[in-house]
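Some notes on the structure that comes next.
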Amino acid sequence: MPVKLSYCRLCPASCGVRVEVDGNRIVSVVGDGLHPLSGGYSCPKGRRGGDFLQGPERLTTSMRRTTEGGYEPIPVDVAIAEIAERLEAITGECGPDALALFMGTQQNFAALTMPMVRAWFRTTGSHKLFSTMTIDQSAKWLVQARMGEYLGGRQRFDTADVWLLAGTNPMVSLNGGDGDGAITQNPFVTIRRARERGMKLIVVDPRRTETAARADLHLQLRPGTDAALFAGLLHVILTEGLHDREFCARFADGLDELAASVAQATPEYTEAETGVPAAEVIRAARTFAHGARGMATTGTGVCMGPHSNVAEHLVACLNVVCGRYLREGEETPNRNVLARTTPLKAEVRPPYRSWESGFRSRIGGIGTMNGELPSGILADEILEPGSDRVRALVVSGGNPALALPDRKKAERALRELDLLVCVDTRMSDTARLADYVIAPTMVYERPDHTMLMEFFFAQPFAQYTPRLVDPPEGVIEDWEFFFRLAAASGRKVKFAGRVLDPDDPPTSEELLAIFAERGRVPMDELKSAHRGALAAPDTTAVGRPSQGSSGHRLALCPHDVAAEIAAALSLSPIESDLPMRLTVRRMRELMNSLGREIDGLPRHGYNPAGVNPQDLQRLGIDHGDTVSIRSAHGRIRAVAHTDPTVSPGTVAMTHCWGVSDPNSDPRAVGSNVNDLTGYDRVQTINAMPTMTAVPIAIEREVLADAR
C-alpha cells in the first residue's frame, strides 16, 4: 500500500507524518523520522488520525433538525440557502448584533478556515464575536493592552540560559506558552538538549507534571496562588537589585510603583501563601535573574485561575525587569516563511486599552479585546432580554456546550436561540442542540499549508500538503461554507486583501497561494518539498526606533494593576466546608473535547479525579471509588484515582469531558468540571471566571458503591 507524506493538524506542533493509504482509506499514521522539524515525534491522537476520519461518529453529510427534534440529512446547498434566509430574517428584524459567531480551537488548524470565517463575519456588521481564546487565555491579551508591547522581539529558547514555564506541561500539551516556538515540536528531545547545553529550567505547577519532573527547580505551589508567587519572585529581584536597569530606564515606567506593590511579598509571606519554601522562592528568583538570556512563559493554567489577569501581568513584569528582549542591532533568525515579515524595532507600542472605547456589550458594559467579546458573557448575551439579544449563533470548530463555564447555564442559553448552526465533524454536545450541523472535510482530505502555525515553530519552516484521500461526497471545506453563505446573502468577502467574486469561486489551491503570496518561499517551490522546507538562513536585525516613539514606555504598574496586586496579596481564608482545590490538567490523548469517542484512544473511558494518596487515606477513599465532588456552584460524580503527582489538598481533572449527569455512572458519561464553575468570581475587564483552583470538597459515595 502506498505511503504518503503530510503533517498532522490536531495541534500547533504540525508534526510530520507518514500516512499509509488503501484507496480512500487511511490505514496508519506514524511520525516521519526524516521530517526536518519533528524528527519522527508523534503523539497518540496524531497516530489515530485515520480513526478521526473513518470512525462511526464522523458526519459525512450535513444535518437539519426536524420538527420532532431529531435530525435528517440535508444537501449542503439546501442548508446554506435555508441558513442564509433565516439569518437575514433575524438580523433584518433585530439588527446585525442579534447574530454572534463562536470560533473554536479546531478551526485554527486549517490555514483557510479562520481568515475566511472572519471575512464572512465582517460582512454581517455584527460586533458579537467570541472564541475559545477568551475561555482560557484572554489575560494574555489584557496584559498586552494594559502594559504595551516591546516590538524588538523576544529572547529565544534555543539560546536561553534559563527558562520559566508556568501553568503549562509541554510534554503533554506540546505548547510551551505564548507561541514563541519554545517547546512545541518533540518536547522530550528539545528539553533534554537544552538542559544538556546548560539551560536551567524552572517549572511552576501544582502538579509534578511530566515537564516538572525534568526541571532543575519545581515550584509546586498551591493552586490559585500564582500571582502571590510571581510577586514574591519580583520582590527578591527588585530588592536585591538583580533587574536590568538599562532596559527598564529606557523602555519601562512604574518600576518604583511595582516594587512598592510587591513589597509585601517577602519570601516568608510567599511561603505562607503559596506553600513554596522561602529558600526555593529566593533560589528561583536568583536563578532567573542571573541567567543572561531566557524568559518566563505561561500556559492556560495561569490564565484560568483566580487573579489570572494580574498573575499574567506579573509574569510579563518578570521579563521586562530582567530585560529579556532583543536590543537594537541584535540579530535573530527570521522564522517567517509564508507569512509576511514585520520589521523588528527597538521601541514600545504603548498601552491601548481597547475595551475603554468602541463597542460595548449591554452585559456589564464590557468592551472588546482584539475585536472580541469575552466568552464569559456569551450565555448572558443570549438569555438577557434586550433589543440586540443574540438570537442566532454560528459555531465554527468549537464545542461551547462543554467548554463554557457553568455548563447548565450554557446549555440553557444554546437552547434559547432562534437559530444555532454548527460546523462540526461529529454530533458534539453543541451540535446536538443545533438547528443545522454542517459536515466539513477533515485533515488529509484537504490541501493545506503551515502559514498560521509558523508562530509556533522554533525554526523557519513551512510545509504544504496535498489532499491525500478524497472526502465523502456530502462534506464541504469549512472556508467554502462561509464563502458560499456570504454569497447566498448577497455579500462579497474580502480575503487576504482581495474581494472574491462569488460568481467565479476560487479553489482551495488558489486561496492557499493568495494567502501566502507575501512569503519568502514561492508556493511552487514549497509544493516540491514533500517533507516541507527549512528556509534558507535569513537573519533580521532589530532596527532603530521610529521617529516619535522615544516617549513610549511599557506600563509596569498602572493604577488598576496596583489594585489587583493588592487584592491578590490579601490572604483569603480557606473555606472550612470546601477545603480542597480543583486544578485542571490536559490529557496527551485528547485535544480538548476532541477524541473522547475514539475507542481505545483515551487511557480511561472517563475523567479520573487525581487525588494525593494521603488525602485518599484521610477521607477513606480507595482508588477506583465513585466520589462526589462539590463546589459552591454545583456537584459532580467522578472516579477517584491515586495520583502522587498532586500535592495534598488538590484534585486534578481535565476539562471538556462528559455531561455530568448526577444520576449516571461517571464511568459511562464522564465528569464535566464546568458543573463546578460559575460566574461568582469573575475578573474585571474580561469577565474571566475562575476555572481552575476552584474550592471543592470530595467524599466517597458509600451508597452508590453499595449498589
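Letters for chains follow the order of the C-alpha cells (A, B, ...), residue numbers begin at 1 for each chain, and ligand numbers begin at 1 in the order shown.
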
* **Residues within 10 Å of Gly50 (chain A), only C-alpha atoms, excluding chain neighbours under 2 positions, as an MDAnalysis selection string** => chainID A and resid 19:21 25:29 45:48 52:55 443:444

* Do a neighbour search on region 471-478 of chain A at 9 Å with only C-alpha atoms, toss out local chain neighbours closer than 6 positions, and write the hits as an MDAnalysis selection string. => chainID A and resid 24 59:62 74:76 107 110 112:113 116:117 396:397 423 438:442 444:446 508

* In terms of the shortest atom-to-atom distance over only C-alpha atoms, which of A:Asp538, A:Asp406, A:Asp253, A:Asp205 is closest to Val276 (chain A)? -> A:Asp205

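When the distance limit is 8 Å and only C-alpha atoms are what count, the residues near Pro170 (chain A), minus those fewer than 6 positions from it on the same chain, are Gly176, Ile183, Thr184, Pro187 and Thr211 of chain A.
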
Those residues with N, CA and C atoms, as a short mmCIF file (atom, residue, chain, number, x, y, z; two decimals), in the first residue's frame please?
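And here is the file that came out, part-v9.cif:
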```cif
data_model
loop_
_atom_site.label_atom_id
_atom_site.label_comp_id
_atom_site.auth_asym_id
_atom_site.auth_seq_id
_atom_site.Cartn_x
_atom_site.Cartn_y
_atom_site.Cartn_z
N GLY A 176 4.61 25.41 24.84
CA GLY A 176 5.39 26.00 25.92
C GLY A 176 4.93 27.36 26.34
N ILE A 183 8.73 25.23 23.04
CA ILE A 183 8.73 23.78 23.19
C ILE A 183 7.45 23.26 22.53
N THR A 184 7.45 23.22 21.23
CA THR A 184 6.26 22.75 20.52
C THR A 184 6.53 21.42 19.84
N PRO A 187 8.95 17.71 22.33
CA PRO A 187 9.37 18.37 23.57
C PRO A 187 10.38 17.57 24.38
N THR A 211 6.70 17.53 32.69
CA THR A 211 7.70 18.57 32.45
C THR A 211 8.39 18.95 33.75
#
```

* Asked: Counting only C-alpha atoms, what is within 9 Å of Tyr269 (chain A), bar same-chain residues fewer than 3 positions away, as number ranges by chain?
  -> A: 228, 232, 264-266, 272-274, 278

Mind writing the picked residues with C-alpha atoms as a PDB file, in the first residue's frame?
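Listed below is the output, again_32.pdb:
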```pdb
ATOM      1  CA  ALA A 228       1.483  35.716  45.006  1.00  0.00           C
ATOM      2  CA  GLY A 232       7.454  37.062  45.535  1.00  0.00           C
ATOM      3  CA  GLN A 264       4.507  42.698  50.995  1.00  0.00           C
ATOM      4  CA  ALA A 265       5.520  39.548  49.101  1.00  0.00           C
ATOM      5  CA  THR A 266       8.617  38.688  51.114  1.00  0.00           C
ATOM      6  CA  ALA A 272       2.828  31.138  53.782  1.00  0.00           C
ATOM      7  CA  GLU A 273       0.541  31.963  50.844  1.00  0.00           C
ATOM      8  CA  THR A 274       1.788  29.521  48.195  1.00  0.00           C
ATOM      9  CA  ALA A 278      11.093  30.664  51.097  1.00  0.00           C
TER      10      ALA A 278
END
```

* For Ala568 (chain A), work out the shell of residues within 8 Å, counting only C-alpha atoms and skipping chain neighbours fewer than 6 positions away, then give it as a PyMOL selection string. => chain A and resi 227-228+307+310

* Can you pull out every residue within 9 Å of Leu619 (chain A), counting only C-alpha atoms, but drop anything in the same chain fewer than 4 positions away, and send it as a list in words? => Gln614, Asp615, Ile698, Glu699 and Arg700 of chain A

* Contacts of Glu246 (chain A) within 12 Å, only C-alpha atoms, excl. fewer than 5 positions in-chain, as number ranges by chain -> A: 251-252, 320-324, 327

* To do: Mind listing the strand (DSSP E or B) residues of region 535-610 of chain A, per DSSP on the backbone, as a ChimeraX atom specification?
  => /A:539-541,543,554-555,580-585,591,594,609-610

Please write the residues from the selection above to a file, keeping C-alpha atoms, as an mmCIF file, in the first residue's frame.
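What landed in result-v7.cif:
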```cif
data_model
loop_
_atom_site.group_PDB
_atom_site.id
_atom_site.type_symbol
_atom_site.label_atom_id
_atom_site.label_comp_id
_atom_site.auth_asym_id
_atom_site.auth_seq_id
_atom_site.Cartn_x
_atom_site.Cartn_y
_atom_site.Cartn_z
ATOM 1 C CA THR A 539 18.656 36.898 9.986
ATOM 2 C CA THR A 540 16.977 40.156 10.742
ATOM 3 C CA ALA A 541 18.456 42.870 12.920
ATOM 4 C CA GLY A 543 16.103 48.306 13.887
ATOM 5 C CA LEU A 554 5.803 49.778 28.989
ATOM 6 C CA ALA A 555 3.413 50.373 31.891
ATOM 7 C CA MET A 580 -9.552 21.383 48.719
ATOM 8 C CA ARG A 581 -8.767 22.889 45.333
ATOM 9 C CA LEU A 582 -9.592 21.538 41.888
ATOM 10 C CA THR A 583 -6.827 22.061 39.338
ATOM 11 C CA VAL A 584 -7.177 21.281 35.649
ATOM 12 C CA ARG A 585 -4.848 19.189 33.522
ATOM 13 C CA MET A 591 -7.401 17.823 22.142
ATOM 14 C CA LEU A 594 -11.913 16.004 20.553
ATOM 15 C CA ALA A 609 -10.101 12.633 39.652
ATOM 16 C CA GLY A 610 -6.434 12.510 40.632
#
```

* Mind giving me the straight-line distance from CA of Val302 (chain A) to CA of Asp158 (chain A) in Å, one decimal? =>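 If I compute the distance from CA of Val302 (chain A) to CA of Asp158 (chain A), I get 23.8 Å.
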
* Asked: CA of Ala640 (chain A) and CA of Ala215 (chain A), how far apart in Å?
  -> 27.8 Å

* To do: Report the distance between CA of Ala339 (chain A) and CA of Arg518 (chain A) in Å, rounded to one decimal place.
  => 6.6 Å

* **Selected residue, from A:Arg214, A:Arg467, A:Arg667, A:Lys409, that lies nearest to Met171 (chain A) when counting only C-alpha atoms** =>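 Once distances to Met171 (chain A) are computed over only C-alpha atoms, the minimum belongs to A:Arg214.
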
* DSSP-assigned alpha helix (DSSP H) members of region 29-91 of chain A, reported as a PyMOL selection string -> chain A and resi 44-47+49-54+76-91

Proximity of region 259-303 of chain A to region 316-319 of chain A: per-residue shortest pair, 12 Å limit, only C-alpha atoms, as JSON lines:
```
{"residue": "A:Ala259", "atom": "CA", "partner": "A:Cys317", "partner_atom": "CA", "distance": 10.8}
{"residue": "A:Val262", "atom": "CA", "partner": "A:Cys317", "partner_atom": "CA", "distance": 11.5}
{"residue": "A:Ala284", "atom": "CA", "partner": "A:Leu318", "partner_atom": "CA", "distance": 11.9}
{"residue": "A:Ala285", "atom": "CA", "partner": "A:Leu318", "partner_atom": "CA", "distance": 9.4}
{"residue": "A:Arg286", "atom": "CA", "partner": "A:Leu318", "partner_atom": "CA", "distance": 11.8}
{"residue": "A:Phe288", "atom": "CA", "partner": "A:Leu318", "partner_atom": "CA", "distance": 8.9}
{"residue": "A:Ala289", "atom": "CA", "partner": "A:Leu318", "partner_atom": "CA", "distance": 8.7}
{"residue": "A:Gly291", "atom": "CA", "partner": "A:Asn319", "partner_atom": "CA", "distance": 11.7}
{"residue": "A:Ala292", "atom": "CA", "partner": "A:Asn319", "partner_atom": "CA", "distance": 11.8}
{"residue": "A:Arg293", "atom": "CA", "partner": "A:Asn319", "partner_atom": "CA", "distance": 10.2}
{"residue": "A:Gly294", "atom": "CA", "partner": "A:Asn319", "partner_atom": "CA", "distance": 8.5}
{"residue": "A:Met295", "atom": "CA", "partner": "A:Asn319", "partner_atom": "CA", "distance": 6.0}
{"residue": "A:Ala296", "atom": "CA", "partner": "A:Asn319", "partner_atom": "CA", "distance": 6.4}
{"residue": "A:Thr297", "atom": "CA", "partner": "A:Ala316", "partner_atom": "CA", "distance": 8.3}
{"residue": "A:Thr298", "atom": "CA", "partner": "A:Ala316", "partner_atom": "CA", "distance": 9.6}
```

* Counting only C-alpha atoms, the option among A:Pro2, A:Gly69, A:Gly49, A:Pro460 closest to Val17 (chain A) -> A:Gly49

* Pick the closest to Ser549 (chain A) from A:Ala346, A:Tyr679, A:Gly23, A:Val189: which is it, counting only C-alpha atoms? ->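 Result for the nearest residue to Ser549 (chain A): A:Ala346.
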